[in-house]
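Novice: Contents of structure_17.pdb (PDB, C-alpha atoms) are given next:
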ATOM      1  CA  MET A   1     -35.022 235.871 120.903
ATOM      2  CA  GLU A   2     -37.973 235.470 118.541
ATOM      3  CA  GLU A   3     -38.130 239.225 118.042
ATOM      4  CA  SER A   4     -34.411 239.324 117.213
ATOM      5  CA  ARG A   5     -34.768 236.523 114.669
ATOM      6  CA  LEU A   6     -37.750 238.237 113.100
ATOM      7  CA  CYS A   7     -35.744 241.459 112.772
ATOM      8  CA  GLN A   8     -32.825 239.584 111.193
ATOM      9  CA  TRP A   9     -35.137 237.840 108.735
ATOM     10  CA  THR A  10     -36.713 241.174 107.785
ATOM     11  CA  VAL A  11     -33.275 242.638 107.056
ATOM     12  CA  ILE A  12     -32.233 239.578 105.034
ATOM     13  CA  ARG A  13     -35.470 239.664 103.053
ATOM     14  CA  SER A  14     -35.004 243.359 102.300
ATOM     15  CA  VAL A  15     -31.406 242.847 101.157
ATOM     16  CA  LEU A  16     -32.367 239.894  98.940
ATOM     17  CA  ALA A  17     -35.230 241.867  97.402
ATOM     18  CA  ILE A  18     -32.929 244.813  96.644
ATOM     19  CA  LEU A  19     -30.241 242.562  95.143
ATOM     20  CA  GLN A  20     -32.864 240.862  92.993
ATOM     21  CA  TRP A  21     -34.141 244.260  91.818
ATOM     22  CA  TRP A  22     -30.590 245.423  91.054
ATOM     23  CA  GLY A  23     -29.901 242.201  89.123
ATOM     24  CA  PHE A  24     -32.967 242.475  86.893
ATOM     25  CA  ASN A  25     -32.516 246.205  86.305
ATOM     26  CA  VAL A  26     -28.823 246.087  85.427
ATOM     27  CA  THR A  27     -29.273 242.963  83.279
ATOM     28  CA  VAL A  28     -32.090 244.541  81.237
ATOM     29  CA  ILE A  29     -30.044 247.699  80.627
ATOM     30  CA  ILE A  30     -26.924 245.743  79.654
ATOM     31  CA  MET A  31     -28.898 243.382  77.387
ATOM     32  CA  ASN A  32     -30.586 246.282  75.594
ATOM     33  CA  LYS A  33     -27.246 247.989  75.044
ATOM     34  CA  TRP A  34     -25.800 244.684  73.835
ATOM     35  CA  ILE A  35     -28.671 244.326  71.361
ATOM     36  CA  PHE A  36     -28.056 247.785  69.894
ATOM     37  CA  GLN A  37     -24.247 247.796  69.977
ATOM     38  CA  LYS A  38     -22.961 244.220  69.725
ATOM     39  CA  MET A  39     -25.773 242.571  67.750
ATOM     40  CA  ASP A  40     -26.204 245.666  65.542
ATOM     41  CA  PHE A  41     -29.998 245.357  65.965
ATOM     42  CA  LYS A  42     -30.585 249.113  65.839
ATOM     43  CA  PHE A  43     -34.376 249.104  66.088
ATOM     44  CA  PRO A  44     -35.522 250.604  69.407
ATOM     45  CA  LEU A  45     -39.224 250.655  68.443
ATOM     46  CA  THR A  46     -39.165 246.923  67.731
ATOM     47  CA  VAL A  47     -37.299 246.156  70.942
ATOM     48  CA  SER A  48     -39.782 248.261  72.916
ATOM     49  CA  SER A  49     -42.728 246.473  71.262
ATOM     50  CA  ILE A  50     -41.276 243.092  72.218
ATOM     51  CA  HIS A  51     -40.860 244.320  75.793
ATOM     52  CA  PHE A  52     -44.503 245.425  75.928
ATOM     53  CA  ILE A  53     -45.721 242.103  74.510
ATOM     54  CA  CYS A  54     -43.666 240.120  77.046
ATOM     55  CA  SER A  55     -44.875 242.366  79.864
ATOM     56  CA  ALA A  56     -48.523 241.990  78.828
ATOM     57  CA  ILE A  57     -48.219 238.195  78.711
ATOM     58  CA  GLY A  58     -46.303 238.134  82.007
ATOM     59  CA  ALA A  59     -48.820 240.320  83.846
ATOM     60  CA  TYR A  60     -51.721 238.219  82.536
ATOM     61  CA  THR A  61     -49.965 235.046  83.691
ATOM     62  CA  VAL A  62     -49.258 236.403  87.183
ATOM     63  CA  ILE A  63     -52.779 237.771  87.741
ATOM     64  CA  LYS A  64     -55.076 235.448  85.775
ATOM     65  CA  VAL A  65     -53.204 232.116  85.641
ATOM     66  CA  LEU A  66     -50.975 231.919  88.714
ATOM     67  CA  LYS A  67     -53.198 234.305  90.723
ATOM     68  CA  LEU A  68     -50.191 235.670  92.607
ATOM     69  CA  LYS A  69     -51.731 239.144  92.600
ATOM     70  CA  PRO A  70     -55.432 240.109  92.794
ATOM     71  CA  LEU A  71     -56.766 241.978  89.779
ATOM     72  CA  ILE A  72     -57.728 245.597  90.396
ATOM     73  CA  VAL A  73     -60.943 245.985  88.400
ATOM     74  CA  VAL A  74     -61.166 249.118  86.238
ATOM     75  CA  ASP A  75     -64.340 250.221  84.468
ATOM     76  CA  PRO A  76     -64.140 249.928  80.649
ATOM     77  CA  GLU A  77     -64.779 253.661  80.337
ATOM     78  CA  ASP A  78     -61.954 254.453  82.757
ATOM     79  CA  ARG A  79     -59.596 252.233  80.781
ATOM     80  CA  TRP A  80     -59.864 254.561  77.783
ATOM     81  CA  ARG A  81     -60.328 257.794  79.705
ATOM     82  CA  ARG A  82     -57.632 257.207  82.335
ATOM     83  CA  ILE A  83     -55.402 254.257  81.437
ATOM     84  CA  PHE A  84     -54.952 254.994  77.721
ATOM     85  CA  PRO A  85     -53.402 258.493  78.184
ATOM     86  CA  MET A  86     -51.084 257.033  80.821
ATOM     87  CA  SER A  87     -50.152 254.202  78.449
ATOM     88  CA  PHE A  88     -49.329 256.669  75.688
ATOM     89  CA  VAL A  89     -46.880 258.585  77.891
ATOM     90  CA  PHE A  90     -45.573 255.281  79.303
ATOM     91  CA  CYS A  91     -44.911 254.099  75.744
ATOM     92  CA  ILE A  92     -43.053 257.299  74.829
ATOM     93  CA  ASN A  93     -40.928 257.008  77.973
ATOM     94  CA  ILE A  94     -39.794 253.437  77.260
ATOM     95  CA  VAL A  95     -39.103 254.162  73.586
ATOM     96  CA  LEU A  96     -37.024 257.249  74.412
ATOM     97  CA  GLY A  97     -35.041 255.212  76.941
ATOM     98  CA  ASN A  98     -34.210 252.581  74.331
ATOM     99  CA  VAL A  99     -33.436 255.228  71.698
ATOM    100  CA  SER A 100     -30.994 256.929  74.069
ATOM    101  CA  LEU A 101     -29.335 253.568  74.788
ATOM    102  CA  ARG A 102     -28.658 253.162  71.090
ATOM    103  CA  TYR A 103     -26.694 256.420  70.840
ATOM    104  CA  ILE A 104     -25.059 257.063  74.236
ATOM    105  CA  PRO A 105     -23.272 254.925  76.847
ATOM    106  CA  VAL A 106     -25.216 253.331  79.702
ATOM    107  CA  SER A 107     -23.328 255.448  82.233
ATOM    108  CA  PHE A 108     -24.363 258.714  80.580
ATOM    109  CA  MET A 109     -27.957 257.583  80.037
ATOM    110  CA  GLN A 110     -28.388 256.483  83.645
ATOM    111  CA  THR A 111     -26.951 259.753  84.938
ATOM    112  CA  ILE A 112     -29.374 261.776  82.793
ATOM    113  CA  LYS A 113     -32.307 259.659  84.043
ATOM    114  CA  SER A 114     -31.359 260.775  87.553
ATOM    115  CA  PHE A 115     -32.530 264.217  86.418
ATOM    116  CA  THR A 116     -36.150 263.017  86.750
ATOM    117  CA  PRO A 117     -36.753 264.512  90.252
ATOM    118  CA  ALA A 118     -35.759 267.945  88.941
ATOM    119  CA  THR A 119     -37.968 267.707  85.838
ATOM    120  CA  THR A 120     -40.888 266.557  88.004
ATOM    121  CA  VAL A 121     -40.634 269.530  90.364
ATOM    122  CA  ILE A 122     -40.025 272.052  87.564
ATOM    123  CA  LEU A 123     -42.908 270.666  85.498
ATOM    124  CA  GLN A 124     -45.332 270.909  88.414
ATOM    125  CA  TRP A 125     -44.129 274.433  89.158
ATOM    126  CA  LEU A 126     -44.429 275.677  85.564
ATOM    127  CA  VAL A 127     -47.542 273.855  84.357
ATOM    128  CA  TRP A 128     -49.530 273.121  87.505
ATOM    129  CA  SER A 129     -48.394 276.206  89.485
ATOM    130  CA  LYS A 130     -47.365 274.141  92.512
ATOM    131  CA  HIS A 131     -45.126 275.720  95.140
ATOM    132  CA  PHE A 132     -42.424 273.846  97.009
ATOM    133  CA  ASP A 133     -40.431 274.252 100.156
ATOM    134  CA  LEU A 134     -37.077 276.004  99.725
ATOM    135  CA  ARG A 135     -35.330 272.812 100.839
ATOM    136  CA  ILE A 136     -36.753 270.953  97.838
ATOM    137  CA  TRP A 137     -35.278 273.535  95.454
ATOM    138  CA  ALA A 138     -31.954 273.434  97.313
ATOM    139  CA  SER A 139     -31.813 269.639  96.981
ATOM    140  CA  LEU A 140     -32.088 269.978  93.184
ATOM    141  CA  ILE A 141     -28.896 272.050  92.901
ATOM    142  CA  PRO A 142     -26.438 269.109  93.099
ATOM    143  CA  ILE A 143     -28.616 267.089  90.697
ATOM    144  CA  VAL A 144     -28.604 269.825  88.049
ATOM    145  CA  GLY A 145     -24.930 270.624  88.671
ATOM    146  CA  GLY A 146     -23.919 266.965  88.402
ATOM    147  CA  ILE A 147     -25.856 266.517  85.141
ATOM    148  CA  LEU A 148     -24.217 269.619  83.645
ATOM    149  CA  LEU A 149     -20.730 268.462  84.668
ATOM    150  CA  THR A 150     -21.357 264.966  83.299
ATOM    151  CA  SER A 151     -22.713 266.302  80.001
ATOM    152  CA  ILE A 152     -19.832 268.739  79.470
ATOM    153  CA  THR A 153     -17.178 266.102  80.181
ATOM    154  CA  GLU A 154     -18.872 263.144  78.421
ATOM    155  CA  LEU A 155     -16.356 261.701  75.957
ATOM    156  CA  SER A 156     -19.011 259.830  73.926
ATOM    157  CA  PHE A 157     -21.533 262.672  73.782
ATOM    158  CA  ASN A 158     -24.265 262.379  71.166
ATOM    159  CA  THR A 159     -26.818 265.168  70.814
ATOM    160  CA  PHE A 160     -29.671 262.936  69.630
ATOM    161  CA  GLY A 161     -29.101 260.381  72.401
ATOM    162  CA  PHE A 162     -28.803 263.140  75.006
ATOM    163  CA  CYS A 163     -32.089 264.743  73.875
ATOM    164  CA  ALA A 164     -33.850 261.349  73.863
ATOM    165  CA  ALA A 165     -32.732 260.671  77.442
ATOM    166  CA  LEU A 166     -33.687 264.185  78.566
ATOM    167  CA  PHE A 167     -37.148 264.016  76.987
ATOM    168  CA  GLY A 168     -37.444 260.575  78.555
ATOM    169  CA  CYS A 169     -37.091 262.274  81.946
ATOM    170  CA  LEU A 170     -39.898 264.656  80.999
ATOM    171  CA  ALA A 171     -42.061 261.712  79.919
ATOM    172  CA  THR A 172     -41.377 259.943  83.222
ATOM    173  CA  SER A 173     -42.297 263.075  85.165
ATOM    174  CA  THR A 174     -45.455 263.598  83.104
ATOM    175  CA  LYS A 175     -46.539 259.993  83.642
ATOM    176  CA  THR A 176     -45.954 260.261  87.375
ATOM    177  CA  ILE A 177     -47.888 263.518  87.646
ATOM    178  CA  LEU A 178     -50.753 262.268  85.480
ATOM    179  CA  ALA A 179     -51.019 259.170  87.645
ATOM    180  CA  GLU A 180     -51.927 261.353  90.614
ATOM    181  CA  SER A 181     -55.015 262.670  88.818
ATOM    182  CA  LEU A 182     -55.959 260.049  86.228
ATOM    183  CA  LEU A 183     -55.605 257.062  88.553
ATOM    184  CA  HIS A 184     -57.206 258.752  91.555
ATOM    185  CA  GLY A 185     -59.254 256.180  93.447
ATOM    186  CA  TYR A 186     -57.292 253.177  92.142
ATOM    187  CA  LYS A 187     -54.555 251.645  94.303
ATOM    188  CA  PHE A 188     -52.370 250.280  91.522
ATOM    189  CA  ASP A 189     -49.277 248.192  92.174
ATOM    190  CA  SER A 190     -46.562 247.626  89.565
ATOM    191  CA  ILE A 191     -48.101 244.376  88.242
ATOM    192  CA  ASN A 192     -51.615 245.745  87.734
ATOM    193  CA  THR A 193     -50.104 248.852  86.153
ATOM    194  CA  VAL A 194     -48.341 246.699  83.561
ATOM    195  CA  TYR A 195     -51.462 244.515  83.139
ATOM    196  CA  TYR A 196     -53.506 247.487  81.949
ATOM    197  CA  MET A 197     -50.844 249.635  80.274
ATOM    198  CA  ALA A 198     -48.775 247.083  78.330
ATOM    199  CA  PRO A 199     -51.581 246.019  75.915
ATOM    200  CA  PHE A 200     -52.376 249.667  75.146
ATOM    201  CA  ALA A 201     -48.670 250.432  74.681
ATOM    202  CA  THR A 202     -48.314 247.463  72.306
ATOM    203  CA  MET A 203     -51.298 248.680  70.294
ATOM    204  CA  ILE A 204     -49.849 252.203  70.112
ATOM    205  CA  LEU A 205     -46.336 251.152  69.096
ATOM    206  CA  ALA A 206     -46.904 248.109  66.854
ATOM    207  CA  LEU A 207     -47.852 250.016  63.683
ATOM    208  CA  PRO A 208     -45.057 252.672  63.909
ATOM    209  CA  ALA A 209     -42.530 249.903  64.574
ATOM    210  CA  LEU A 210     -43.754 247.965  61.540
ATOM    211  CA  LEU A 211     -43.790 250.974  59.220
ATOM    212  CA  LEU A 212     -40.547 252.614  60.348
ATOM    213  CA  GLU A 213     -38.391 249.584  61.175
ATOM    214  CA  GLY A 214     -40.009 246.617  59.413
ATOM    215  CA  SER A 215     -37.805 246.796  56.309
ATOM    216  CA  GLY A 216     -34.716 247.319  58.470
ATOM    217  CA  VAL A 217     -35.482 244.220  60.543
ATOM    218  CA  VAL A 218     -35.922 242.183  57.346
ATOM    219  CA  ALA A 219     -32.593 243.494  56.037
ATOM    220  CA  TRP A 220     -30.955 242.607  59.361
ATOM    221  CA  LEU A 221     -32.314 239.053  59.131
ATOM    222  CA  GLN A 222     -30.804 238.750  55.631
ATOM    223  CA  THR A 223     -27.314 239.366  57.058
ATOM    224  CA  ASP A 224     -27.511 235.835  58.514
ATOM    225  CA  PRO A 225     -27.126 236.650  62.215
ATOM    226  CA  PRO A 226     -27.124 233.763  64.712
ATOM    227  CA  LEU A 227     -30.926 233.611  64.890
ATOM    228  CA  LEU A 228     -31.349 231.341  67.905
ATOM    229  CA  SER A 229     -29.051 233.305  70.222
ATOM    230  CA  SER A 230     -30.291 236.643  68.849
ATOM    231  CA  PHE A 231     -33.959 235.837  69.468
ATOM    232  CA  PHE A 232     -33.070 234.449  72.880
ATOM    233  CA  ILE A 233     -31.354 237.712  73.877
ATOM    234  CA  ILE A 234     -34.036 240.012  72.394
ATOM    235  CA  PHE A 235     -37.023 238.156  73.877
ATOM    236  CA  GLY A 236     -35.043 237.392  77.026
ATOM    237  CA  SER A 237     -34.624 241.121  77.619
ATOM    238  CA  GLY A 238     -38.417 241.457  77.306
ATOM    239  CA  VAL A 239     -39.046 238.718  79.871
ATOM    240  CA  LEU A 240     -36.521 240.255  82.253
ATOM    241  CA  ALA A 241     -38.127 243.680  81.738
ATOM    242  CA  PHE A 242     -41.355 242.216  83.114
ATOM    243  CA  CYS A 243     -39.494 240.458  85.946
ATOM    244  CA  LEU A 244     -38.047 243.863  86.832
ATOM    245  CA  ASN A 245     -41.568 245.190  87.419
ATOM    246  CA  PHE A 246     -42.419 242.143  89.512
ATOM    247  CA  SER A 247     -39.269 242.582  91.626
ATOM    248  CA  ILE A 248     -40.135 246.248  92.259
ATOM    249  CA  PHE A 249     -43.373 245.131  93.911
ATOM    250  CA  TYR A 250     -41.424 243.087  96.470
ATOM    251  CA  VAL A 251     -38.813 245.784  97.061
ATOM    252  CA  ILE A 252     -41.520 248.346  97.815
ATOM    253  CA  HIS A 253     -43.158 246.076 100.358
ATOM    254  CA  SER A 254     -39.871 244.984 101.941
ATOM    255  CA  THR A 255     -38.159 248.349 102.498
ATOM    256  CA  THR A 256     -38.832 251.828 103.768
ATOM    257  CA  ALA A 257     -39.091 254.833 101.464
ATOM    258  CA  VAL A 258     -35.631 256.086 102.468
ATOM    259  CA  THR A 259     -34.051 252.665 101.866
ATOM    260  CA  PHE A 260     -35.765 252.425  98.486
ATOM    261  CA  ASN A 261     -34.447 255.844  97.510
ATOM    262  CA  VAL A 262     -30.852 255.064  98.522
ATOM    263  CA  ALA A 263     -30.987 251.616  96.904
ATOM    264  CA  GLY A 264     -32.326 253.161  93.690
ATOM    265  CA  ASN A 265     -29.403 255.555  93.456
ATOM    266  CA  LEU A 266     -26.860 252.869  94.317
ATOM    267  CA  LYS A 267     -28.432 250.790  91.548
ATOM    268  CA  VAL A 268     -27.425 253.486  89.067
ATOM    269  CA  ALA A 269     -23.838 253.256  90.316
ATOM    270  CA  VAL A 270     -23.924 249.466  89.885
ATOM    271  CA  ALA A 271     -25.314 249.803  86.330
ATOM    272  CA  VAL A 272     -22.640 252.371  85.418
ATOM    273  CA  THR A 273     -19.859 250.134  86.784
ATOM    274  CA  CYS A 274     -21.132 246.983  85.056
ATOM    275  CA  SER A 275     -21.582 248.757  81.728
ATOM    276  CA  TRP A 276     -18.040 250.138  81.895
ATOM    277  CA  ILE A 277     -16.643 246.659  82.601
ATOM    278  CA  ILE A 278     -18.538 245.131  79.659
ATOM    279  CA  PHE A 279     -18.485 247.871  77.009
ATOM    280  CA  ARG A 280     -15.369 249.783  78.114
ATOM    281  CA  ASN A 281     -16.828 253.156  77.165
ATOM    282  CA  PRO A 282     -14.368 255.901  78.111
ATOM    283  CA  ILE A 283     -15.160 257.758  81.351
ATOM    284  CA  SER A 284     -13.084 260.759  82.412
ATOM    285  CA  MET A 285     -12.420 261.606  86.053
ATOM    286  CA  MET A 286     -14.641 264.701  85.918
ATOM    287  CA  ASN A 287     -17.368 262.650  84.253
ATOM    288  CA  ALA A 288     -17.310 260.185  87.151
ATOM    289  CA  VAL A 289     -17.346 263.070  89.646
ATOM    290  CA  GLY A 290     -20.408 264.556  87.893
ATOM    291  CA  CYS A 291     -22.204 261.208  88.084
ATOM    292  CA  ALA A 292     -21.365 260.877  91.794
ATOM    293  CA  ILE A 293     -22.606 264.411  92.528
ATOM    294  CA  THR A 294     -25.879 263.635  90.728
ATOM    295  CA  LEU A 295     -26.436 260.444  92.731
ATOM    296  CA  VAL A 296     -25.689 262.193  96.027
ATOM    297  CA  GLY A 297     -28.114 264.947  95.025
ATOM    298  CA  CYS A 298     -30.844 262.397  94.239
ATOM    299  CA  THR A 299     -30.326 260.738  97.611
ATOM    300  CA  PHE A 300     -30.509 264.103  99.369
ATOM    301  CA  TYR A 301     -33.650 265.028  97.413
ATOM    302  CA  GLY A 302     -35.310 261.755  98.441
ATOM    303  CA  TYR A 303     -34.394 262.345 102.064
ATOM    304  CA  VAL A 304     -35.766 265.913 102.042
ATOM    305  CA  ARG A 305     -38.962 264.793 100.347
ATOM    306  CA  HIS A 306     -39.416 262.029 102.910
ATOM    307  CA  MET A 307     -38.817 264.374 105.856
ATOM    308  CA  LEU A 308     -41.328 266.898 104.514
ATOM    309  CA  SER A 309     -43.924 264.207 103.947
ATOM    310  CA  GLN A 310     -43.505 263.109 107.577
ATOM    311  CA  GLN A 311     -44.017 266.646 108.895
ATOM    312  CA  THR A 312     -47.159 266.666 111.018
ATOM    313  CA  PRO A 313     -49.864 269.337 110.591
ATOM    314  CA  GLY A 314     -49.037 270.733 114.034
ATOM    315  CA  THR A 315     -45.387 271.362 113.208
ATOM    316  CA  PRO A 316     -44.520 275.048 113.674
ATOM    317  CA  ARG A 317     -44.074 276.832 110.369
ATOM    318  CA  THR A 318     -41.183 279.052 109.481
ATOM    319  CA  PRO A 319     -41.869 282.218 107.430
ATOM    320  CA  ARG A 320     -40.880 280.274 104.306
ATOM    321  CA  THR A 321     -42.899 277.153 105.105
ATOM    322  CA  PRO A 322     -45.986 276.803 102.854
ATOM    323  CA  ARG A 323     -49.393 276.556 104.467
ATOM    324  CA  LYS A 324     -50.502 273.333 102.778
ATOM    325  CA  SER A 325     -48.618 270.079 102.559
ATOM    326  CA  MET A 326     -49.494 269.961  98.852
ATOM    327  CA  GLU A 327     -47.297 272.996  98.409
ATOM    328  CA  PHE A 328     -44.084 271.493  99.670
ATOM    329  CA  VAL A 329     -44.296 267.772  98.854
ATOM    330  CA  PRO A 330     -43.818 267.032  95.121
ATOM    331  CA  LEU A 331     -46.556 265.057  93.415
ATOM    332  CA  VAL A 332     -44.326 262.009  93.124
ATOM    333  CA  ASN A 333     -45.084 258.585  94.519
ATOM    334  CA  GLU A 334     -42.993 258.231  97.671
ATOM    335  CA  LYS A 335     -41.756 254.813  96.702
ATOM    336  CA  LEU A 336     -42.532 254.060  93.092
ATOM    337  CA  GLU A 337     -41.581 256.149  90.116
ATOM    338  CA  ASP A 338     -41.155 254.844  86.582
ATOM    339  CA  LYS A 339     -39.138 251.633  86.623
ATOM    340  CA  VAL A 340     -40.368 249.702  83.642
TER     341      VAL A 340
END
Spit out the file's structure as structure tokens when you get a sec.
Specialist:
Amino acid sequence: MEESRLCQWTVIRSVLAILQWWGFNVTVIIMNKWIFQKMDFKFPLTVSSIHFICSAIGAYTVIKVLKLKPLIVVDPEDRWRRIFPMSFVFCINIVLGNVSLRYIPVSFMQTIKSFTPATTVILQWLVWSKHFDLRIWASLIPIVGGILLTSITELSFNTFGFCAALFGCLATSTKTILAESLLHGYKFDSINTVYYMAPFATMILALPALLLEGSGVVAWLQTDPPLLSSFFIIFGSGVLAFCLNFSIFYVIHSTTAVTFNVAGNLKVAVAVTCSWIIFRNPISMMNAVGCAITLVGCTFYGYVRHMLSQQTPGTPRTPRTPRKSMEFVPLVNEKLEDKV
């Protein structure tokens, strides 16, 4: 009886953690789109800077004040040699995500972000000369095909927004790959990652935001917008962006890798549905089919990657099976990719 109750509680805890993660993620995306489209605050660098500031304060509060997470100590030299390059790519990734949100619908942006597994594998193959199992390449076919179908049939297509989202995928892949080498020896969780990266990202982005968007923000303030509600939404999105990172920590520790992968792809479907209900951006039937194909492909890719990672060294090899596990398992964290 006790064992049955424990199992039920584990399932309930996992479901609650996933729902909480979905809620934060979808809310942040919708709020950012609302800021750009409804509030006419078209300054993605400024919004990203506010997110980094809120995340830095939030991570400091969780680790130093509330002591909910132990601090992973990093040598000062390693902070500049390892953390700073990661923060630079991290900063580019977040900015490109917000830029794409300004120009294209949430549904299209989220579908393009699902292209990240493909860019990660291709980048490792081209730049790092890694070799992968044939099943990994096969699992990328529906992802690429779904993205192409979605792009061709997108009714609100914008070239600049599409390129920003696509380069955002490359930035995500680069950050993930760099983490394998630059952060070797450090067991970072999502909170400690934000604790070290957010201050660097703020430092990197603050000056460009001030120079490129400062006058525009001043002009926007002179249009007499509802300041209280506007600041509440803008800074609220920053606070929720940090809460999203905190919720990821609990999801990772409450679910298996396969569950996390499936839940992540279902989250995209939830975000697409919610954005359509709120913003009513036109979606054609073929566009929806392309999005569905992409999500199924991502789920299949995650399953294949998980199965290959579980393959024991004594498993008989086929003629096409690589000799080393490094050759057929992509250098991507099994549970945590970029979610900030």
Novice: In terms of the shortest atom-to-atom distance over only C-alpha atoms, which of A:Leu205, A:Val289, A:Ile248, A:Val304 is closest to Ser49 (chain A)?
Specialist: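 Answer, going by the shortest atom-to-atom distance: A:Leu205.
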Novice: Grab the CA of Ile104 (chain A) to CA of Phe162 (chain A) distance for me, in Å with one decimal place.
Specialist: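 These two atoms are separated by 7.2 Å.
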Novice: When you draw a straight line from CA of Gln110 (chain A) to CA of Arg13 (chain A), how long is it in Å?
Specialist: 26.6 Å
Novice: If we count only C-alpha atoms, what is near region 280-288 of chain A at a cut-off of 7 Å, once residues fewer than 6 positions away on the same chain are taken out, given as a ChimeraX atom specification?
Specialist: /A:105,149-150,153-155
Novice: Which residue is closest to Cys91 (chain A)? Choose from A:Ile136, A:Ala198, A:Leu71, A:Val144 and count all atoms listed in the file.
Specialist: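 Of all the options, A:Ala198 lies closest to Cys91 (chain A).
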Novice: Between A:Ile63, A:Leu16, A:Ile143, A:Val268, which has the minimum distance to Cys298 (chain A) (counting all atoms listed in the file)?
Specialist: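 Counting all atoms listed in the file, the residue closest to Cys298 (chain A) is A:Ile143.
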Novice: Which residues fall under the PyMOL selection byres ((chain A and resi 297) around 10) in this file, as a list of chain:residue names?
Specialist: A:Ser114, A:Phe115, A:Pro117, A:Ala138, A:Ser139, A:Leu140, A:Ile141, A:Pro142, A:Ile143, A:Val144, A:Gly145, A:Gly146, A:Asn265, A:Cys291, A:Ala292, A:Ile293, A:Thr294, A:Leu295, A:Val296, A:Cys298, A:Thr299, A:Phe300, A:Tyr301, A:Gly302, A:Tyr303
Novice: What gap, in Å, lies between CA of Ser100 (chain A) and CA of Phe160 (chain A)?
Specialist: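 Going from CA of Ser100 (chain A) over to CA of Phe160 (chain A) covers 7.6 Å.
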Novice: Using all atoms listed in the file, can you tell me which of A:Gly264, A:Pro44, A:Gly23, A:Pro70 comes closest to Phe188 (chain A)?
Specialist: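 Checking each of A:Gly264, A:Pro44, A:Gly23, A:Pro70 against Phe188 (chain A), counting all atoms listed in the file, the winner is A:Pro70.
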Novice: With the PyMOL selection byres ((chain A and resi 32) around 12) as the selection, what would be picked from this file? Answer as a tab-separated table (two decimals) with C-alpha atoms, in the coordinates of the input, please.
Specialist:
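Written output follows (selection-v9.tsv):
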chain	number	residue	atom	x	y	z
A	25	ASN	CA	-32.52	246.20	86.30
A	26	VAL	CA	-28.82	246.09	85.43
A	27	THR	CA	-29.27	242.96	83.28
A	28	VAL	CA	-32.09	244.54	81.24
A	29	ILE	CA	-30.04	247.70	80.63
A	30	ILE	CA	-26.92	245.74	79.65
A	31	MET	CA	-28.90	243.38	77.39
A	33	LYS	CA	-27.25	247.99	75.04
A	34	TRP	CA	-25.80	244.68	73.83
A	35	ILE	CA	-28.67	244.33	71.36
A	36	PHE	CA	-28.06	247.78	69.89
A	37	GLN	CA	-24.25	247.80	69.98
A	38	LYS	CA	-22.96	244.22	69.72
A	39	MET	CA	-25.77	242.57	67.75
A	40	ASP	CA	-26.20	245.67	65.54
A	41	PHE	CA	-30.00	245.36	65.96
A	42	LYS	CA	-30.58	249.11	65.84
A	43	PHE	CA	-34.38	249.10	66.09
A	44	PRO	CA	-35.52	250.60	69.41
A	46	THR	CA	-39.16	246.92	67.73
A	47	VAL	CA	-37.30	246.16	70.94
A	48	SER	CA	-39.78	248.26	72.92
A	50	ILE	CA	-41.28	243.09	72.22
A	51	HIS	CA	-40.86	244.32	75.79
A	94	ILE	CA	-39.79	253.44	77.26
A	95	VAL	CA	-39.10	254.16	73.59
A	97	GLY	CA	-35.04	255.21	76.94
A	98	ASN	CA	-34.21	252.58	74.33
A	99	VAL	CA	-33.44	255.23	71.70
A	100	SER	CA	-30.99	256.93	74.07
A	101	LEU	CA	-29.34	253.57	74.79
A	102	ARG	CA	-28.66	253.16	71.09
A	103	TYR	CA	-26.69	256.42	70.84
A	105	PRO	CA	-23.27	254.92	76.85
A	106	VAL	CA	-25.22	253.33	79.70
A	230	SER	CA	-30.29	236.64	68.85
A	233	ILE	CA	-31.35	237.71	73.88
A	234	ILE	CA	-34.04	240.01	72.39
A	235	PHE	CA	-37.02	238.16	73.88
A	236	GLY	CA	-35.04	237.39	77.03
A	237	SER	CA	-34.62	241.12	77.62
A	238	GLY	CA	-38.42	241.46	77.31
A	240	LEU	CA	-36.52	240.26	82.25
A	241	ALA	CA	-38.13	243.68	81.74
A	275	SER	CA	-21.58	248.76	81.73
Novice: Which one is closest to Ile191 (chain A): A:Val74, A:Ile278, A:Leu123, A:Leu244? Count only C-alpha atoms.
Specialist: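 Closest candidate: A:Leu244.
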Novice: Counting all atoms listed in the file, which residue out of A:Ala17, A:Val194, A:Val217, A:Ala263 sits closest to Ile57 (chain A)?
Specialist: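 For Ile57 (chain A), the nearest of the given residues is A:Val194.
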Novice: Write out as a PyMOL selection string which residues come within 9 Å of Ala56 (chain A) when counting only C-alpha atoms, dropping same-chain ones fewer than 5 positions away.
Specialist: chain A and resi 51+61+194-199+202+242
Novice: Selecting N, CA and C atoms, how would region 292-296 of chain A from this structure be written as a PDB file, in the first residue's frame?
Specialist:
ATOM      1  N   ALA A 292       2.941  19.927 -36.751  1.00  0.00           N
ATOM      2  CA  ALA A 292       2.729  18.620 -36.125  1.00  0.00           C
ATOM      3  C   ALA A 292       3.828  17.631 -36.522  1.00  0.00           C
ATOM      4  N   ILE A 293       4.191  17.643 -37.809  1.00  0.00           N
ATOM      5  CA  ILE A 293       5.263  16.750 -38.283  1.00  0.00           C
ATOM      6  C   ILE A 293       6.579  17.061 -37.566  1.00  0.00           C
ATOM      7  N   THR A 294       6.868  18.359 -37.397  1.00  0.00           N
ATOM      8  CA  THR A 294       8.092  18.767 -36.706  1.00  0.00           C
ATOM      9  C   THR A 294       8.113  18.258 -35.269  1.00  0.00           C
ATOM     10  N   LEU A 295       6.986  18.402 -34.563  1.00  0.00           N
ATOM     11  CA  LEU A 295       6.926  17.978 -33.167  1.00  0.00           C
ATOM     12  C   LEU A 295       7.055  16.462 -33.043  1.00  0.00           C
ATOM     13  N   VAL A 296       6.420  15.729 -33.955  1.00  0.00           N
ATOM     14  CA  VAL A 296       6.560  14.271 -33.942  1.00  0.00           C
ATOM     15  C   VAL A 296       8.014  13.881 -34.209  1.00  0.00           C
TER      16      VAL A 296
END
